[in-house]
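The file query20.cif comes next; it holds mmCIF, C-alpha atoms and all ligand atoms.
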```cif
data_work
#
loop_
_atom_site.label_atom_id
_atom_site.label_comp_id
_atom_site.auth_asym_id
_atom_site.auth_seq_id
_atom_site.Cartn_x
_atom_site.Cartn_y
_atom_site.Cartn_z
CA MET A 494 0.00 0.00 0.00
CA SER A 495 1.44 3.39 -0.94
CA ALA A 496 2.30 6.01 1.64
CA THR A 497 0.00 8.61 0.09
CA LEU A 498 -2.97 6.31 0.32
CA THR A 499 -2.44 5.42 3.99
CA ALA A 500 -2.09 9.11 4.80
CA ASN A 501 -5.68 9.59 3.60
CA VAL A 502 -8.46 8.83 6.00
CA VAL A 503 -11.28 6.57 4.81
CA PRO A 504 -14.14 8.24 6.65
CA PHE A 505 -17.01 6.26 8.11
CA ILE A 506 -19.37 8.56 6.24
CA ASP A 507 -18.57 11.53 3.98
CA LEU A 508 -21.30 14.15 4.28
CA PRO A 509 -19.23 17.00 2.78
CA ALA A 510 -18.90 14.95 -0.44
CA GLN A 511 -22.68 14.64 -0.64
CA PHE A 512 -23.13 18.35 0.07
CA ARG A 513 -20.71 19.42 -2.68
CA SER A 514 -22.89 17.75 -5.32
CA LEU A 515 -26.00 19.64 -4.14
CA GLN A 516 -24.58 22.95 -2.98
CA PRO A 517 -26.02 25.30 -5.64
CA GLU A 518 -29.55 23.99 -5.10
CA ILE A 519 -29.29 24.06 -1.30
CA ASP A 520 -27.83 27.58 -1.37
CA ARG A 521 -30.80 28.79 -3.43
CA GLU A 522 -33.33 27.20 -1.07
CA LEU A 523 -31.66 28.62 2.03
CA ALA A 524 -31.38 32.11 0.53
CA SER A 525 -35.11 32.15 -0.13
CA ILE A 526 -35.93 30.99 3.42
CA PHE A 527 -33.69 33.64 4.96
CA ALA A 528 -35.15 36.31 2.65
CA SER A 529 -38.70 35.48 3.76
CA ALA A 530 -37.76 34.53 7.35
CA ALA A 531 -40.38 31.72 7.18
CA PHE A 532 -38.31 29.58 9.54
CA ILE A 533 -41.17 27.78 11.30
CA VAL A 534 -43.48 25.58 9.15
CA GLY A 535 -42.66 27.55 5.99
CA PRO A 536 -43.73 26.29 2.53
CA ALA A 537 -40.87 23.76 2.25
CA VAL A 538 -42.32 21.76 5.16
CA GLY A 539 -45.58 20.97 3.37
CA GLN A 540 -43.76 20.44 0.08
CA PHE A 541 -41.41 17.91 1.62
CA GLU A 542 -44.24 16.14 3.47
CA GLU A 543 -46.12 15.70 0.21
CA ALA A 544 -43.03 14.46 -1.62
CA PHE A 545 -42.04 12.04 1.15
CA ALA A 546 -45.57 10.59 1.47
CA ARG A 547 -45.52 9.97 -2.29
CA TYR A 548 -42.05 8.42 -2.08
CA VAL A 549 -43.01 5.98 0.68
CA ASN A 550 -46.46 5.44 -0.90
CA ALA A 551 -48.37 6.45 2.22
CA LYS A 552 -51.35 8.79 2.27
CA HIS A 553 -49.96 11.18 4.88
CA CYS A 554 -46.60 12.41 6.08
CA VAL A 555 -46.17 14.66 9.12
CA THR A 556 -42.67 15.97 9.76
CA VAL A 557 -41.39 16.33 13.31
CA SER A 558 -38.22 17.47 15.05
CA ASN A 559 -36.38 14.11 15.04
CA GLY A 560 -36.83 10.37 14.81
CA THR A 561 -37.27 9.89 18.55
CA ALA A 562 -40.13 12.42 18.50
CA ALA A 563 -41.64 10.57 15.52
CA LEU A 564 -41.76 7.32 17.52
CA HIS A 565 -42.97 9.07 20.66
CA LEU A 566 -45.82 10.90 18.89
CA ALA A 567 -46.78 7.79 16.89
CA LEU A 568 -47.30 5.90 20.15
CA LEU A 569 -49.18 8.80 21.78
CA ALA A 570 -51.45 9.09 18.72
CA LEU A 571 -52.22 5.37 19.04
CA GLY A 572 -53.26 5.90 22.65
CA ILE A 573 -50.28 4.16 24.28
CA GLY A 574 -49.61 5.34 27.82
CA PRO A 575 -48.92 4.42 31.45
CA GLY A 576 -49.63 0.77 32.31
CA ASP A 577 -49.17 -0.38 28.71
CA GLU A 578 -46.37 -2.52 27.34
CA VAL A 579 -44.80 -2.14 23.92
CA ILE A 580 -42.62 -4.83 22.36
CA THR A 581 -39.48 -3.96 20.45
CA SER A 582 -36.12 -5.38 19.46
CA ALA A 583 -33.29 -5.90 21.94
CA ASN A 584 -30.93 -4.94 19.12
CA THR A 585 -31.69 -1.32 18.31
CA PHE A 586 -30.62 2.24 19.01
CA ILE A 587 -31.87 3.30 22.44
CA ALA A 588 -34.32 5.84 20.97
CA THR A 589 -36.82 3.09 20.13
CA ALA A 590 -37.06 2.12 23.81
CA GLU A 591 -36.94 5.74 25.00
CA ALA A 592 -39.95 6.66 22.88
CA ILE A 593 -41.91 3.89 24.61
CA SER A 594 -40.77 5.11 28.03
CA PHE A 595 -41.70 8.74 27.22
CA THR A 596 -45.36 7.71 26.87
CA GLY A 597 -45.28 6.14 30.34
CA ALA A 598 -45.45 2.62 28.86
CA THR A 599 -42.86 -0.11 29.47
CA PRO A 600 -40.58 -1.54 26.77
CA ARG A 601 -40.60 -5.34 26.46
CA LEU A 602 -37.66 -6.63 24.47
CA VAL A 603 -37.37 -9.53 22.04
CA ASP A 604 -34.15 -11.14 20.80
CA VAL A 605 -33.11 -10.96 17.16
CA ASP A 606 -32.63 -13.46 14.37
CA PRO A 607 -28.95 -14.47 14.07
CA VAL A 608 -29.00 -14.07 10.28
CA THR A 609 -30.95 -10.83 9.70
CA TYR A 610 -30.12 -9.18 13.08
CA ASN A 611 -33.76 -8.03 13.18
CA MET A 612 -36.47 -8.92 15.71
CA ASP A 613 -37.15 -12.67 15.59
CA PRO A 614 -40.89 -13.16 14.90
CA ALA A 615 -40.76 -16.60 16.55
CA LYS A 616 -39.90 -14.95 19.89
CA ILE A 617 -42.56 -12.21 19.91
CA GLU A 618 -45.53 -14.16 21.26
CA GLN A 619 -43.75 -15.18 24.47
CA ALA A 620 -43.28 -11.46 25.26
CA ILE A 621 -46.99 -10.64 24.86
CA THR A 622 -48.95 -10.08 28.08
CA SER A 623 -52.41 -8.71 28.86
CA LYS A 624 -50.81 -5.23 28.97
CA THR A 625 -49.22 -5.38 25.52
CA LYS A 626 -50.61 -2.71 23.19
CA ALA A 627 -48.16 -2.45 20.31
CA ILE A 628 -45.10 -3.86 18.55
CA ILE A 629 -42.31 -1.70 17.13
CA PRO A 630 -40.25 -3.71 14.66
CA VAL A 631 -36.99 -1.95 13.72
CA HIS A 632 -35.67 -2.19 10.16
CA LEU A 633 -32.14 -2.17 11.54
CA TYR A 634 -29.08 -1.30 9.46
CA GLY A 635 -31.40 -0.70 6.45
CA GLN A 636 -32.68 -4.28 6.31
CA PRO A 637 -36.48 -4.73 6.34
CA VAL A 638 -37.96 -6.94 9.06
CA ASN A 639 -40.20 -9.91 8.23
CA MET A 640 -43.36 -7.77 8.01
CA ASP A 641 -45.71 -10.62 7.05
CA ALA A 642 -44.88 -12.64 10.14
CA ILE A 643 -45.00 -9.65 12.49
CA SER A 644 -48.22 -8.22 11.00
CA GLN A 645 -49.87 -11.60 11.44
CA ILE A 646 -48.95 -11.68 15.14
CA ALA A 647 -50.16 -8.08 15.58
CA ARG A 648 -53.51 -8.92 13.94
CA LYS A 649 -53.94 -12.11 15.96
CA HIS A 650 -53.40 -10.29 19.27
CA ASN A 651 -55.05 -7.03 18.22
CA LEU A 652 -51.87 -5.00 18.67
CA LYS A 653 -50.88 -1.75 16.98
CA LEU A 654 -47.87 -1.85 14.70
CA VAL A 655 -45.35 1.01 14.45
CA GLU A 656 -42.35 0.62 12.15
CA ASP A 657 -39.05 2.13 13.26
CA ALA A 658 -37.74 2.92 9.78
CA CYS A 659 -35.15 5.40 11.07
CA GLN A 660 -32.34 3.45 9.38
CA ALA A 661 -34.20 2.29 6.29
CA HIS A 662 -35.44 5.16 4.10
CA GLY A 663 -36.38 3.59 0.77
CA ALA A 664 -35.86 -0.06 1.75
CA LYS A 665 -38.43 -2.46 0.33
CA TYR A 666 -40.23 -5.52 1.67
CA LYS A 667 -42.01 -7.50 -1.08
CA GLY A 668 -41.96 -4.37 -3.24
CA SER A 669 -43.41 -2.00 -0.61
CA ARG A 670 -41.37 0.74 1.00
CA VAL A 671 -40.81 0.30 4.71
CA GLY A 672 -42.88 2.66 6.81
CA SER A 673 -45.97 2.07 4.67
CA MET A 674 -46.91 -1.36 6.04
CA SER A 675 -48.17 -0.55 9.55
CA ASP A 676 -50.29 1.89 11.53
CA VAL A 677 -47.45 4.42 11.56
CA GLY A 678 -43.98 4.44 10.03
CA CYS A 679 -41.29 6.54 11.73
CA PHE A 680 -38.22 8.12 10.15
CA SER A 681 -35.20 10.05 11.38
CA PHE A 682 -33.37 12.59 9.24
CA TYR A 683 -30.35 12.81 11.54
CA PRO A 684 -27.51 13.95 9.22
CA GLY A 685 -25.88 10.51 8.97
CA LYS A 686 -29.07 8.63 8.02
CA ASN A 687 -29.60 7.60 4.38
CA LEU A 688 -31.74 10.72 3.98
CA GLY A 689 -30.25 13.29 6.33
CA ALA A 690 -31.00 16.92 7.14
CA ALA A 691 -28.50 19.64 8.11
CA GLY A 692 -29.39 19.04 11.74
CA ASP A 693 -32.11 17.02 13.44
CA GLY A 694 -35.31 16.01 11.68
CA GLY A 695 -37.93 13.29 11.56
CA ALA A 696 -41.27 12.25 10.11
CA VAL A 697 -44.15 9.87 10.50
CA VAL A 698 -46.08 8.38 7.61
CA THR A 699 -49.52 6.78 7.86
CA ASN A 700 -52.55 5.90 5.78
CA ASP A 701 -54.88 6.91 8.60
CA ALA A 702 -56.09 10.52 8.36
CA GLY A 703 -57.10 10.56 12.04
CA ILE A 704 -53.62 9.51 13.21
CA ALA A 705 -51.96 12.08 10.93
CA GLU A 706 -54.24 14.78 12.30
CA LYS A 707 -53.50 13.78 15.90
CA ILE A 708 -49.75 13.88 15.27
CA ARG A 709 -50.06 17.31 13.61
CA LEU A 710 -51.72 18.56 16.79
CA LEU A 711 -49.24 16.83 19.11
CA ARG A 712 -46.21 18.27 17.31
CA ASP A 713 -47.43 21.87 17.59
CA HIS A 714 -48.84 22.61 21.07
CA GLY A 715 -52.12 20.85 20.31
CA SER A 716 -52.97 23.65 17.96
CA HIS A 717 -54.05 24.17 14.34
CA LYS A 718 -54.88 27.81 14.81
CA LYS A 719 -52.46 30.09 16.60
CA TYR A 720 -53.22 30.42 20.33
CA GLU A 721 -56.12 27.96 20.15
CA HIS A 722 -55.17 24.63 21.79
CA GLN A 723 -57.28 21.47 21.45
CA ILE A 724 -55.00 19.21 23.47
CA ILE A 725 -51.74 19.49 25.40
CA GLY A 726 -49.03 19.02 22.82
CA HIS A 727 -45.30 19.42 22.37
CA ASN A 728 -43.05 21.63 20.31
CA PHE A 729 -41.80 18.93 17.95
CA ARG A 730 -41.96 20.76 14.60
CA LEU A 731 -39.43 20.40 11.78
CA ASP A 732 -37.60 23.64 10.87
CA THR A 733 -38.21 25.01 7.36
CA VAL A 734 -34.45 24.97 6.72
CA GLN A 735 -34.34 21.21 7.37
CA ALA A 736 -37.39 20.56 5.19
CA ALA A 737 -35.78 22.52 2.33
CA VAL A 738 -32.55 20.50 2.57
CA LEU A 739 -34.54 17.25 2.65
CA LYS A 740 -36.62 18.37 -0.35
CA VAL A 741 -33.44 18.88 -2.37
CA LYS A 742 -31.99 15.52 -1.28
CA LEU A 743 -35.04 13.25 -1.64
CA PRO A 744 -34.87 12.91 -5.46
CA HIS A 745 -31.34 11.49 -5.04
CA LEU A 746 -32.18 8.95 -2.36
CA ASP A 747 -32.80 6.00 -4.69
CA SER A 748 -29.52 6.46 -6.55
CA TRP A 749 -27.63 6.87 -3.25
CA ASN A 750 -29.25 3.69 -1.92
CA ALA A 751 -28.40 1.84 -5.14
CA ALA A 752 -24.77 2.93 -4.75
CA ARG A 753 -24.77 1.68 -1.14
CA ARG A 754 -26.11 -1.70 -2.31
CA GLN A 755 -23.38 -1.89 -4.92
CA HIS A 756 -20.70 -1.12 -2.32
CA ALA A 757 -22.22 -3.76 -0.02
CA GLU A 758 -21.99 -6.34 -2.80
CA TYR A 759 -18.37 -5.43 -3.41
CA TYR A 760 -17.47 -5.72 0.27
CA SER A 761 -19.31 -9.03 0.57
CA ARG A 762 -17.85 -10.50 -2.60
CA HIS A 763 -14.34 -10.07 -1.18
CA LEU A 764 -14.90 -10.46 2.55
CA SER A 765 -17.02 -13.61 2.30
CA LYS A 766 -13.86 -15.38 1.11
CA VAL A 767 -12.43 -14.97 4.61
CA PRO A 768 -13.72 -17.90 6.71
CA THR A 769 -13.72 -16.02 10.05
CA ILE A 770 -15.62 -12.97 8.76
CA VAL A 771 -19.43 -13.09 8.59
CA THR A 772 -20.86 -10.78 5.93
CA PRO A 773 -24.47 -9.49 6.04
CA SER A 774 -27.32 -11.52 4.52
CA VAL A 775 -30.26 -9.85 2.85
CA ALA A 776 -33.51 -11.68 3.55
CA THR A 777 -35.57 -12.99 0.64
CA ASP A 778 -38.10 -10.53 -0.81
CA CYS A 779 -36.16 -7.65 0.78
CA GLU A 780 -34.20 -4.77 -0.65
CA SER A 781 -31.85 -3.42 2.01
CA VAL A 782 -30.55 0.15 1.84
CA PHE A 783 -27.41 -0.63 3.89
CA HIS A 784 -27.58 2.27 6.28
CA LEU A 785 -24.73 0.34 7.88
CA TYR A 786 -22.55 -2.41 6.48
CA ILE A 787 -21.81 -4.76 9.33
CA VAL A 788 -19.52 -7.75 9.56
CA GLN A 789 -18.99 -10.14 12.44
CA VAL A 790 -15.43 -10.86 13.47
CA SER A 791 -13.99 -12.94 16.30
CA ASN A 792 -11.05 -10.60 17.01
CA ARG A 793 -12.73 -7.21 17.00
CA GLU A 794 -10.24 -5.32 19.13
CA LYS A 795 -7.36 -6.31 16.88
CA MET A 796 -9.40 -5.48 13.76
CA GLN A 797 -10.33 -2.06 15.07
CA GLN A 798 -6.71 -1.30 15.94
CA ALA A 799 -5.56 -2.42 12.49
CA LEU A 800 -8.22 -0.24 10.84
CA ARG A 801 -7.25 2.72 12.99
CA ASP A 802 -3.59 2.21 12.11
CA ALA A 803 -4.59 2.32 8.44
CA ASN A 804 -6.63 5.52 8.92
CA ILE A 805 -9.93 3.74 8.32
CA GLN A 806 -12.81 4.89 10.49
CA ASN A 807 -15.20 2.26 11.82
CA GLY A 808 -17.85 1.79 14.49
CA ILE A 809 -19.92 -0.61 16.59
CA HIS A 810 -23.72 -0.45 16.33
CA TYR A 811 -24.29 -1.11 19.16
CA PRO A 812 -21.75 -2.17 21.79
CA ILE A 813 -24.24 -2.42 24.71
CA PRO A 814 -27.71 -3.90 24.10
CA ILE A 815 -30.70 -1.97 25.49
CA HIS A 816 -31.37 -4.49 28.27
CA LEU A 817 -27.83 -4.08 29.64
CA GLN A 818 -27.82 -0.27 29.56
CA PRO A 819 -27.70 1.44 32.97
CA ALA A 820 -30.65 3.59 31.83
CA TYR A 821 -32.82 0.47 31.60
CA ARG A 822 -31.73 -1.32 34.77
CA GLU A 823 -35.27 -0.85 36.06
CA LEU A 824 -36.60 -3.29 33.46
CA GLY A 825 -34.91 -6.08 35.41
CA TYR A 826 -33.22 -7.84 32.50
CA LYS A 827 -29.84 -9.52 32.94
CA THR A 828 -26.96 -10.88 30.90
CA GLY A 829 -28.08 -14.01 29.10
CA ASP A 830 -31.67 -12.85 28.52
CA PHE A 831 -31.08 -12.12 24.81
CA PRO A 832 -28.16 -14.33 23.79
CA VAL A 833 -28.22 -13.57 20.06
CA THR A 834 -28.16 -9.80 20.61
CA GLU A 835 -25.45 -10.18 23.26
CA ARG A 836 -23.26 -12.35 21.05
CA LEU A 837 -23.63 -9.86 18.19
CA ALA A 838 -22.74 -6.94 20.45
CA GLY A 839 -19.35 -8.57 21.03
CA ARG A 840 -18.63 -9.36 17.39
CA ILE A 841 -20.13 -6.72 15.08
CA LEU A 842 -18.07 -4.12 13.30
CA SER A 843 -19.45 -1.35 11.05
CA LEU A 844 -17.34 -0.49 8.01
CA PRO A 845 -17.31 2.78 6.03
CA MET A 846 -20.52 3.03 3.98
CA TYR A 847 -21.92 5.91 1.96
CA ALA A 848 -22.87 6.50 -1.66
CA GLU A 849 -19.63 8.33 -2.57
CA LEU A 850 -17.35 5.56 -1.22
CA THR A 851 -14.85 4.55 -3.92
CA GLU A 852 -13.59 1.12 -4.92
CA ALA A 853 -10.05 2.19 -3.96
CA GLN A 854 -11.27 3.06 -0.46
CA GLN A 855 -13.13 -0.24 -0.19
CA ASP A 856 -10.02 -2.10 -1.32
CA ARG A 857 -8.09 -0.56 1.56
CA VAL A 858 -10.75 -1.71 4.04
CA ILE A 859 -10.90 -5.21 2.54
CA ASP A 860 -7.11 -5.46 2.58
CA VAL A 861 -6.84 -4.63 6.29
CA LEU A 862 -9.67 -6.99 7.28
CA THR A 863 -8.31 -9.83 5.18
CA LYS A 864 -4.78 -9.49 6.55
CA ASN A 865 -5.88 -9.29 10.18
CA ALA A 866 -8.63 -11.92 10.22
CA SER A 867 -8.13 -14.61 12.84
CA ALA A 868 -7.22 -18.01 11.48
C1 LIG B 901 -31.61 7.33 14.52
C2 LIG B 901 -32.55 6.37 15.10
C3 LIG B 901 -33.64 6.78 15.90
C4 LIG B 901 -33.81 8.17 16.42
O1 LIG B 901 -33.71 9.18 15.52
P1 LIG B 901 -33.22 10.64 16.01
O2 LIG B 901 -33.54 11.49 14.82
O3 LIG B 901 -31.75 10.54 16.27
O4 LIG B 901 -34.00 11.02 17.20
C5 LIG B 901 -34.55 5.82 16.29
N1 LIG B 901 -34.40 4.53 15.96
C6 LIG B 901 -33.35 4.10 15.24
C7 LIG B 901 -33.25 2.64 14.90
C8 LIG B 901 -32.38 5.00 14.81
O5 LIG B 901 -31.33 4.55 14.11
#
```
Take the structure in the file and give it back as structure tokens.
Ligand SMILES: *Cc1c(COP(=O)(O)O)cnc(C)c1O
Amino acid sequence: MSATLTANVVPFIDLPAQFRSLQPEIDRELASIFASAAFIVGPAVGQFEEAFARYVNAKHCVTVSNGTAALHLALLALGIGPGDEVITSANTFIATAEAISFTGATPRLVDVDPVTYNMDPAKIEQAITSKTKAIIPVHLYGQPVNMDAISQIARKHNLKLVEDACQAHGAKYKGSRVGSMSDVGCFSFYPGKNLGAAGDGGAVVTNDAGIAEKIRLLRDHGSHKKYEHQIIGHNFRLDTVQAAVLKVKLPHLDSWNAARRQHAEYYSRHLSKVPTIVTPSVATDCESVFHLYIVQVSNREKMQQALRDANIQNGIHYPIPIHLQPAYRELGYKTGDFPVTERLAGRILSLPMYAELTEAQQDRVIDVLTKNASA
């Protein structure tokens, strides 16, 4: 490997590269917002909501301040509250569980499938109690969950279904976009997500006009008309600036996701030759959008050191499962409760992944992993 190459960092994600390709359009949008000073629920908010609803193929989209707020308001709109239980995946970002807790309900966790890393439908029913009101499957890392199996369980037990699609903008399950196959689909536009704002952002999508209406009220002080308040709400609106950035980016999402899939194939083609590295599997009937490209390795500390030495950024998503987080001690779970999630937490490694990633950069990553793999 040449000295000039190793001197260059392979970033985990390269947002400036994405921005450079869109700068003239974003500059124009921002100039017009600043000229009109329509910073709060300006025209771009409604325009983006319409475009995103069409993209996901849902009847309604309501933008909110972030993905955690999207999940929180979705649950509130479905009537979830104190005394209720909501089932979600043990392998997820903490926000999914937090949103449940914010309503006053209790998260009940379910272990994941060792192949897809998503909630294992076969383990859901044993977590259902008389208090269970909803299930939140998480399309983790960009990979759709088994929606048919989970929807069937939800129907059988009369439970609401909320998709956490915060890592899976554009992913498809049997041809349908994730977020469109449940009572409410929730998205985050955190800058590093597949569709990211220039700050925090989020949205819910739904086919139910009543739920959309309720979330519109909840995100804006329970109000449709200034200083008239139907219910007690929050201030969870999306800024006009964020909506404008998202509006410019949305038309590029499919091509960015296609590039991610291509990079994932390239990684997997080379890394699957190494016996001690486990590459990701995409479930049948699913189109993943590879928010993260994750491998399992048996010598993670050594791998991470070798990647760092080669100036290659990497991450772990996530090192501590929800049930072992200090914040959730009160749930009473212990080590051993979710063995698949726990095993993954000790072995997973997230490699650089973004649309602009080059083959030369990927070759550097593959080279380091191949040379340092345990025998
Ligand atoms: C990012 C994320 C969220 C929360 O989104 P924020 O916009 O950061 O609040 C929720 N769930 C999952 C799975 C996420 O990855």
Worksheet item: Can I get the residues close to ligand LIG 901 (chain B) as a ChimeraX atom specification, where close means within 8 Å and we count only C-alpha atoms and all ligand atoms?
Response: /A:558-564,585-589,631-634,657-660,680-683,686,693-695
Find the residues of stretch 628-741 of chain A that sit at most 12 Å from stretch 753-770 of chain A; for each, write down the nearest two atoms and how far apart they are in Å, to one decimal. Count only C-alpha atoms. Sort by chain, then by number going up, and give it as a tab-separated table.
```
residue	atom	partner	partner_atom	distance
A:Tyr634	CA	A:Arg753	CA	11.8
A:Gly635	CA	A:Arg754	CA	10.3
A:Gln636	CA	A:Arg754	CA	11.1
A:Gly663	CA	A:Arg753	CA	11.9
A:Ala664	CA	A:Arg754	CA	10.7
A:Asn687	CA	A:Arg753	CA	9.4
```
Any chance you could export the current selection's C-alpha atoms as a tab-separated table (two decimals), keeping the file's coordinate frame?
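Written output follows (part.tsv):
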```tsv
chain	number	residue	atom	x	y	z
A	634	TYR	CA	-29.08	-1.30	9.46
A	635	GLY	CA	-31.40	-0.70	6.45
A	636	GLN	CA	-32.68	-4.28	6.31
A	663	GLY	CA	-36.38	3.59	0.77
A	664	ALA	CA	-35.86	-0.06	1.75
A	687	ASN	CA	-29.60	7.60	4.38
```
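Going from atom CA of A:Asn651 over to atom CA of A:Thr625, you cover 9.5 Å.
Shortest separation to A:Ala838 among A:Val638, A:Ala691, A:Ala620, A:Ala583 occurs at residue A:Ala583, atoms counted being all atoms listed in the file.
Here the question is which of A:Leu743, A:Leu569, A:Val557, A:Val603 gets nearest to A:Arg730 using only C-alpha atoms, and that residue is A:Val557.
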Worksheet item: How many Å lie between atom CA of A:Leu710 and atom CA of A:Leu739, rounded to one decimal?
Response: 22.3 Å
